Amino acid sequence: MAFGASAITHPVVVFVIPSIWRRLYQLVQMRVAGFELSDTAYSVSYGVLAESFAVLAEAGWLFWRTDLGKRRVLLLSMVANVASSSAGGLVYLLTGWP
């Protein structure tokens, strides 16, 4: 079940959300004079958007496919995504990839 949830959200987080976030950021820059985020703030904002999507989508998948209840699937999804995001951040810090 967990692999299925991740298989659904991972491609969206990697291939779709970056372009959506980039476009949203560009729209705000066009409308708000002088608006600019640092590289760190840009990355953190993307992470919040992407991980929020992943947590909610995966919790929805698990709720639909199991009988664990809303609170438990949300907690499981949050724990799994914190672990995944932390592992990805560690790989980036250690290797510079991706």
# chains A, B, ... in the order shown; residues from 1 in each chain; ligands from 1
>>> residues_around(residues="Phe53 (chain A)", least_positions_apart="3", cutoff="8 Å", atoms="only C-alpha atoms", output="VMD selection string")
chain A and resid 9 13 49 to 50 56 to 57
>>> write_last_selection(atoms="N, CA, C and O atoms", output="PDB file, in the first residue's frame")
ATOM      1  N   THR A   9       2.484   9.584  -6.134  1.00  0.00           N
ATOM      2  CA  THR A   9       2.865  10.977  -5.886  1.00  0.00           C
ATOM      3  C   THR A   9       4.265  11.339  -6.359  1.00  0.00           C
ATOM      4  O   THR A   9       4.497  12.480  -6.740  1.00  0.00           O
ATOM      5  N   VAL A  13       5.508  14.950  -7.876  1.00  0.00           N
ATOM      6  CA  VAL A  13       6.413  15.810  -7.101  1.00  0.00           C
ATOM      7  C   VAL A  13       7.675  16.144  -7.895  1.00  0.00           C
ATOM      8  O   VAL A  13       8.173  17.259  -7.850  1.00  0.00           O
ATOM      9  N   LEU A  49       5.170  23.001  -0.765  1.00  0.00           N
ATOM     10  CA  LEU A  49       4.115  22.711  -1.735  1.00  0.00           C
ATOM     11  C   LEU A  49       4.119  21.234  -2.117  1.00  0.00           C
ATOM     12  O   LEU A  49       3.082  20.564  -2.073  1.00  0.00           O
ATOM     13  N   ALA A  50       5.292  20.716  -2.474  1.00  0.00           N
ATOM     14  CA  ALA A  50       5.395  19.334  -2.938  1.00  0.00           C
ATOM     15  C   ALA A  50       5.060  18.336  -1.834  1.00  0.00           C
ATOM     16  O   ALA A  50       4.306  17.380  -2.056  1.00  0.00           O
ATOM     17  N   LEU A  56      -1.053  14.715   1.536  1.00  0.00           N
ATOM     18  CA  LEU A  56      -2.512  14.633   1.381  1.00  0.00           C
ATOM     19  C   LEU A  56      -2.928  13.571   0.367  1.00  0.00           C
ATOM     20  O   LEU A  56      -3.878  12.817   0.600  1.00  0.00           O
ATOM     21  N   ALA A  57      -2.218  13.493  -0.755  1.00  0.00           N
ATOM     22  CA  ALA A  57      -2.563  12.493  -1.770  1.00  0.00           C
ATOM     23  C   ALA A  57      -2.326  11.077  -1.259  1.00  0.00           C
ATOM     24  O   ALA A  57      -3.150  10.177  -1.461  1.00  0.00           O
TER      25      ALA A  57
END
>>> select_by_dssp(residues="chain A", states="helix (DSSP H, G or I)", output="PyMOL selection string")
chain A and resi 2-31+39-65+70-95
>>> atom_distance(atom1="CA of Ala2 (chain A)", atom2="CA of Arg22 (chain A)")
28.7 Å
>>> atom_distance(atom1="CA of Leu90 (chain A)", atom2="CA of Arg23 (chain A)")
27.2 Å
>>> closest_residue(among="A:Val82, A:Leu93, A:Ala54, A:Met1", to="Asp67 (chain A)", atoms="only C-alpha atoms")
A:Met1
>>> atom_distance(atom1="CA of His10 (chain A)", atom2="CA of Thr66 (chain A)")
20.2 Å
>>> closest_residue(among="A:Glu36, A:Met30, A:Leu24, A:Val55", to="Ala83 (chain A)", atoms="only C-alpha atoms")
A:Val55
>>> closest_residue(among="A:Phe35, A:Val28, A:Gly89, A:Gly60", to="Leu75 (chain A)", atoms="only C-alpha atoms")
A:Gly60
>>> residues_around(residues="Glu51 (chain A)", least_positions_apart="6", cutoff="12 Å", atoms="only C-alpha atoms", output="list of chain:residue names")
A:Ser6, A:Thr9, A:His10, A:Val12, A:Val13, A:Val14, A:Ile17, A:Pro18, A:Ser43, A:Val44, A:Ser45, A:Ala57, A:Glu58, A:Ala59, A:Ser77, A:Met78, A:Val79, A:Ala80, A:Asn81, A:Val82, A:Ala83, A:Ser84, A:Ser85, A:Ser86
>>> write_last_selection(atoms="N, CA, C and O atoms", output="CSV table (one decimal), in the first residue's frame")
chain,number,residue,atom,x,y,z
A,6,SER,N,3.3,6.0,-2.8
A,6,SER,CA,4.5,6.8,-3.2
A,6,SER,C,4.6,6.8,-4.8
A,6,SER,O,5.1,7.7,-5.4
A,9,THR,N,2.5,9.6,-6.1
A,9,THR,CA,2.9,11.0,-5.9
A,9,THR,C,4.3,11.3,-6.4
A,9,THR,O,4.5,12.5,-6.7
A,10,HIS,N,5.2,10.4,-6.3
A,10,HIS,CA,6.6,10.7,-6.7
A,10,HIS,C,6.7,11.4,-8.0
A,10,HIS,O,7.4,12.4,-8.2
A,12,VAL,N,4.6,13.1,-9.8
A,12,VAL,CA,4.0,14.4,-9.7
A,12,VAL,C,5.0,15.4,-9.0
A,12,VAL,O,5.2,16.5,-9.5
A,13,VAL,N,5.5,14.9,-7.9
A,13,VAL,CA,6.4,15.8,-7.1
A,13,VAL,C,7.7,16.1,-7.9
A,13,VAL,O,8.2,17.3,-7.9
A,14,VAL,N,8.2,15.2,-8.7
A,14,VAL,CA,9.4,15.4,-9.4
A,14,VAL,C,9.2,16.1,-10.7
A,14,VAL,O,10.0,16.9,-11.1
A,17,ILE,N,5.1,19.3,-10.2
A,17,ILE,CA,5.1,20.4,-9.3
A,17,ILE,C,6.2,21.4,-9.5
A,17,ILE,O,6.0,22.6,-9.3
A,18,PRO,N,7.4,21.0,-9.9
A,18,PRO,CA,8.4,22.0,-10.1
A,18,PRO,C,8.0,23.1,-11.2
A,18,PRO,O,8.2,24.3,-11.0
A,43,SER,N,13.5,27.1,-2.6
A,43,SER,CA,13.6,25.6,-2.5
A,43,SER,C,12.7,25.2,-1.3
A,43,SER,O,12.0,24.2,-1.5
A,44,VAL,N,12.7,25.9,-0.2
A,44,VAL,CA,11.9,25.5,0.9
A,44,VAL,C,10.4,25.7,0.6
A,44,VAL,O,9.6,24.8,0.9
A,45,SER,N,10.0,26.7,-0.2
A,45,SER,CA,8.6,26.9,-0.6
A,45,SER,C,8.2,25.8,-1.5
A,45,SER,O,7.1,25.3,-1.4
A,57,ALA,N,-2.2,13.5,-0.8
A,57,ALA,CA,-2.6,12.5,-1.8
A,57,ALA,C,-2.3,11.1,-1.3
A,57,ALA,O,-3.1,10.2,-1.5
A,58,GLU,N,-1.2,10.9,-0.6
A,58,GLU,CA,-0.9,9.5,-0.1
A,58,GLU,C,-1.8,9.1,1.1
A,58,GLU,O,-2.3,8.0,1.2
A,59,ALA,N,-2.2,10.1,1.9
A,59,ALA,CA,-3.2,9.8,3.0
A,59,ALA,C,-4.5,9.4,2.4
A,59,ALA,O,-5.2,8.5,2.8
A,77,SER,N,1.3,8.9,6.6
A,77,SER,CA,1.8,9.7,5.4
A,77,SER,C,2.8,10.7,5.7
A,77,SER,O,3.8,10.9,5.1
A,78,MET,N,2.5,11.4,6.8
A,78,MET,CA,3.5,12.5,7.3
A,78,MET,C,4.8,11.9,7.7
A,78,MET,O,5.8,12.4,7.3
A,79,VAL,N,4.8,10.8,8.4
A,79,VAL,CA,6.0,10.2,8.9
A,79,VAL,C,6.8,9.7,7.6
A,79,VAL,O,8.0,9.9,7.5
A,80,ALA,N,6.1,9.0,6.7
A,80,ALA,CA,6.8,8.5,5.5
A,80,ALA,C,7.4,9.7,4.7
A,80,ALA,O,8.5,9.5,4.2
A,81,ASN,N,6.7,10.8,4.6
A,81,ASN,CA,7.2,11.9,3.7
A,81,ASN,C,8.3,12.7,4.4
A,81,ASN,O,9.2,13.2,3.8
A,82,VAL,N,8.3,12.8,5.7
A,82,VAL,CA,9.4,13.4,6.5
A,82,VAL,C,10.6,12.6,6.3
A,82,VAL,O,11.7,13.1,6.0
A,83,ALA,N,10.5,11.2,6.4
A,83,ALA,CA,11.6,10.4,6.3
A,83,ALA,C,12.2,10.5,4.8
A,83,ALA,O,13.4,10.6,4.6
A,84,SER,N,11.3,10.4,3.9
A,84,SER,CA,11.7,10.5,2.5
A,84,SER,C,12.4,11.8,2.1
A,84,SER,O,13.5,11.9,1.5
A,85,SER,N,11.8,12.9,2.6
A,85,SER,CA,12.3,14.2,2.3
A,85,SER,C,13.7,14.4,3.0
A,85,SER,O,14.6,15.0,2.5
A,86,SER,N,13.8,13.9,4.2
A,86,SER,CA,15.0,14.0,5.0
A,86,SER,C,16.1,13.2,4.3
A,86,SER,O,17.3,13.7,4.2
>>> residues_around(residues="Ile20 (chain A)", least_positions_apart="5", cutoff="10 Å", atoms="only C-alpha atoms", output="PyMOL selection string")
chain A and resi 15+25-26+46+49
